[in-house]
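Following: one structure in structure tokens, then a few remarks.
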Amino acid sequence: MIPVLLINNKGLVKSVKFKNYRYVGDPINAVKIFNEKEVDEICILDISASRSKRFPDFEHISEIVSEAFMPLSYGGGISSLEHADKLFYAGVEKLTLNKSFHNSPQLLEQIAANYGSQSVSISIDVDKNWLGKTHAYTDNGKTKTEYTPLELAIKAEDRGAGEILLNSISRDGTYQGYDLDLIEKVTAKIKIPLVACGGASDLHDFAMAIEAGASAVAAGSMFVFQRPNQAVLISYPSAKEIESSIYTLRK
Amino acid sequence: MITIIDYKIGNLGSIKNMLKKIGQPSVITSDIEVISQATKIILPGVGHFGHGMNKLREAGCIDVLNHKAKVEKVPLLGICLGAQLLTEFSEEGNETGLGWIDAEVKKFDENMMPEPLPIPNMGWCDVAVINPDRLVVDLPAHPRYYFVHSYHIVCKDVKNELLRASYGHQFVAGIKSENIYGVQFHPEKSHKFGMKLMDNFCRL
């Protein structure tokens with residue numbers, strides 16, 4: 001159960017459908033709170049890096065890593081093996097590629113060869129068109145690619161990705177639940193673990209995504225906002241709550 | 001003061017911050033003078049064994065560490081590669097280690113696994129205490145730790161084993177010889193479980 005933290009120019013933000021970014025605080029402060037909540041893994045995505053065509057902010061990432069008492073994955077602006085080397089040196093455990101996988105799939109192969117497949121994942125941002133056909137997107141959902149999510153997941157697996165982060169654009173920040181059909185469709189054809197993201201509103205959604213085939217679940221809004229008024233409140237279910245939701249599912 | 005040895009192998013900030021969180025001041029250094037004043041030593045490390053030994057030599061730390069560990073007998077904790085460096089030898093780079101603990105480092109063997117698992121082992125694993133010790137006393141229930149490794153320690157004598165975990169087959173996750181300790185996992189990335197272990201180390 002992985003909190004996904006979006007970073008925009010060093011600030012923590014949260015989106016709805018990859019738009020309407022709202023500033024929710026300081027990422028280091030958020031990581032400190034997640035330490036208290038004993039979170040097993042955290043994912044940091046810098047949405048401003050690729051867009052403004054800049055490299056990862058190594059110094060800031062290093063600062064965040066220093067405060068994290070859990071493994072951390074990072075994505076955003078990674079476009080060379082040198083970037084990967086620097087990020088691993090900074091203490092990031094796993095890298096997430098998106099746009100650079102489209103630009104040069106070799107980078108994924110190189111990272112997987114040097115650091116192991118476990119150290120690199122591909123994020124696939126998915127949106128549906130008005131006919132209900134799904135496509136993978138890059139540039140924070142702005143650029144449509146020629147691939148369906150399944151095609152891209154298979155390609156990433158073939159090239160050595162250790163994990164897929166499947167992110168639904170249309171469900172992002174909406175609390176509608178995960179795109180279970182899509183999770184089922186993709187996990188049926190790949191062997192590597194899939195982390196579902198986009199749409200979670202409660203523990204029941206997590207359980208449903210796992211049942212649909214996801215190996216792990218990620219969420220943003222659910223961990224940073226308190227409903228119904230969307231006040232910023234960082235939260236995370238207790239180990240007991242997580243256990244009982246999975247137990248209910250298995251019953 | 002607790003001294004974290006910096007031999008240029010990566011970010012040691014989370015180790016220092018976890019110590020701070022449990023109220024223990026520490027210093028990150030490669031300065032021999034500072035190391036010689038240490039009351040406790042943490043030897044971190046990630047990456048290739050041969051590379052790690054080279055970096056330790058380059059930093060000029062080996063003599064002072066030998067003195068602190070073997071003569072003064074201050075408590076010392078090796079983390080991840082730092083734990084492996086405490087042993088006699090590693091297959092990774094066919095390199096000799098510091099030789100403080102009678103053990104060797106071997107690559108995970110897929111043939112010993114019922115079904116092959118991806119290597120490195122990267123993720124959380126449950127651990128079991130093999131020999132009770134103050135370092136691993138009163139851990140929270142169902143202790144588990146975060147691991148990243150392709151090689152694992154093999155002790156020649158089970159008396160040096162502290163913890164075991166399983167990844168395809170059982171392996172040694174913690175070692176001990178007198179004042180010298182090593183853990184294969186990252187306590188600094190294992191929140192409450194790591195914090196308790198670090199707290200125990202501070203109380204040694």
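The way I read the labels, and the way they are meant: chains A, B, ... in the order of the structure tokens, residue 1 as the first residue of every chain, and ligand 1 as the first ligand shown, with later ones counted on from there.
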Region 63-70 of chain A environment, 9 Å, only C-alpha atoms, sequence neighbours closer than 4 positions dropped, as a ChimeraX atom specification: /A:27-29,31-32,34-35,38-42,58-59,90-92 /B:11-18,146,187-192,194-195
Non-local contacts of region 160-177 of chain B (10 Å; only C-alpha atoms; under 6 positions in same chain excluded) as an NGL selection string: :B and (76-80 or 83-84 or 86-87 or 100-103 or 108-119 or 121-122 or 125-133 or 135-136 or 144-145 or 147 or 151-154 or 183-185)
Only C-alpha atoms, please: the residues just picked out, written as a compact mmCIF listing (two decimals), in the first residue's frame.
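Written output follows (part13.txt):
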# COMPACT_ATOMS: atom_id res chain seq x y z
CA LEU B 76 30.39 -1.92 15.82
CA LEU B 77 27.45 -2.52 13.50
CA GLY B 78 27.93 -3.33 9.81
CA ILE B 79 24.89 -2.67 7.61
CA CYS B 80 24.23 -4.47 4.28
CA ALA B 83 28.06 -6.46 7.31
CA GLN B 84 29.54 -8.51 4.48
CA LEU B 86 33.22 -7.95 8.36
CA THR B 87 33.75 -11.48 7.00
CA TRP B 100 36.61 -10.07 11.99
CA ILE B 101 33.89 -12.71 11.74
CA ASP B 102 34.48 -16.29 10.67
CA ALA B 103 32.18 -16.28 7.65
CA PHE B 108 22.29 -16.57 -4.03
CA ASP B 109 22.12 -19.98 -5.67
CA GLU B 110 19.00 -20.50 -7.81
CA ASN B 111 19.64 -24.25 -7.72
CA MET B 112 18.98 -24.25 -4.00
CA MET B 113 15.58 -22.62 -4.51
CA PRO B 114 12.44 -24.71 -5.14
CA GLU B 115 11.67 -22.21 -7.89
CA PRO B 116 14.06 -19.52 -9.04
CA LEU B 117 13.41 -16.08 -7.54
CA PRO B 118 14.69 -12.84 -9.05
CA ILE B 119 18.13 -11.71 -7.86
CA ASN B 121 16.47 -10.01 -3.32
CA MET B 122 14.83 -6.63 -2.97
CA CYS B 125 11.58 -10.36 4.60
CA ASP B 126 10.57 -11.80 7.96
CA VAL B 127 13.51 -12.58 10.23
CA ALA B 128 13.92 -15.11 13.03
CA VAL B 129 16.27 -14.80 15.98
CA ILE B 130 18.74 -17.72 15.97
CA ASN B 131 20.83 -16.77 19.01
CA PRO B 132 19.31 -14.36 21.53
CA ASP B 133 21.33 -11.19 21.96
CA LEU B 135 20.94 -6.34 19.72
CA VAL B 136 17.78 -8.24 18.81
CA ARG B 144 10.63 -7.89 9.21
CA TYR B 145 13.29 -5.86 7.49
CA PHE B 147 16.73 -6.14 2.09
CA TYR B 151 25.03 -12.09 -2.06
CA HIS B 152 24.53 -13.45 1.44
CA ILE B 153 26.70 -14.35 4.43
CA VAL B 154 27.48 -17.96 5.31
CA VAL B 183 22.94 -7.05 9.57
CA GLN B 184 22.29 -7.84 5.92
CA PHE B 185 19.17 -5.64 5.79
Alpha helix (DSSP H) per DSSP on the backbone: members of region 23-141 of chain A, as a count of residues only: 50
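Nearest to Lys8 (chain B) of all the residues A:Ser235, A:Tyr89, A:Ser79, A:Ala209 is A:Tyr89, based on only C-alpha atoms.
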Shell around Ile234 (chain A) at 7 Å using only C-alpha atoms, local window under 6 positions removed, as a list of chain:residue names: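 Once the adjacent positions are removed, what remains is A:Phe223, A:Val224, A:Phe225.
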Dump as a short mmCIF file (atom, residue, chain, number, x, y, z; two decimals), in the first residue's frame, selection limited to N, CA and C atoms:
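Result file is out38.cif:
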data_model
loop_
_atom_site.label_atom_id
_atom_site.label_comp_id
_atom_site.auth_asym_id
_atom_site.auth_seq_id
_atom_site.Cartn_x
_atom_site.Cartn_y
_atom_site.Cartn_z
N PHE A 223 -4.46 9.40 0.83
CA PHE A 223 -3.49 9.53 1.91
C PHE A 223 -3.20 10.99 2.29
N VAL A 224 -3.63 11.93 1.44
CA VAL A 224 -3.29 13.33 1.77
C VAL A 224 -4.50 14.21 2.08
N PHE A 225 -5.69 13.74 1.68
CA PHE A 225 -6.88 14.56 1.95
C PHE A 225 -7.82 13.85 2.90
#
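Using only C-alpha atoms, the protein and nucleic acid residues lying no more than 6 Å from region 22-34 of chain B, apart from those fewer than 4 places from it along its own chain, are Met1, Ile2, Thr3, Ile4, Ile5 and Asp6 of chain B.
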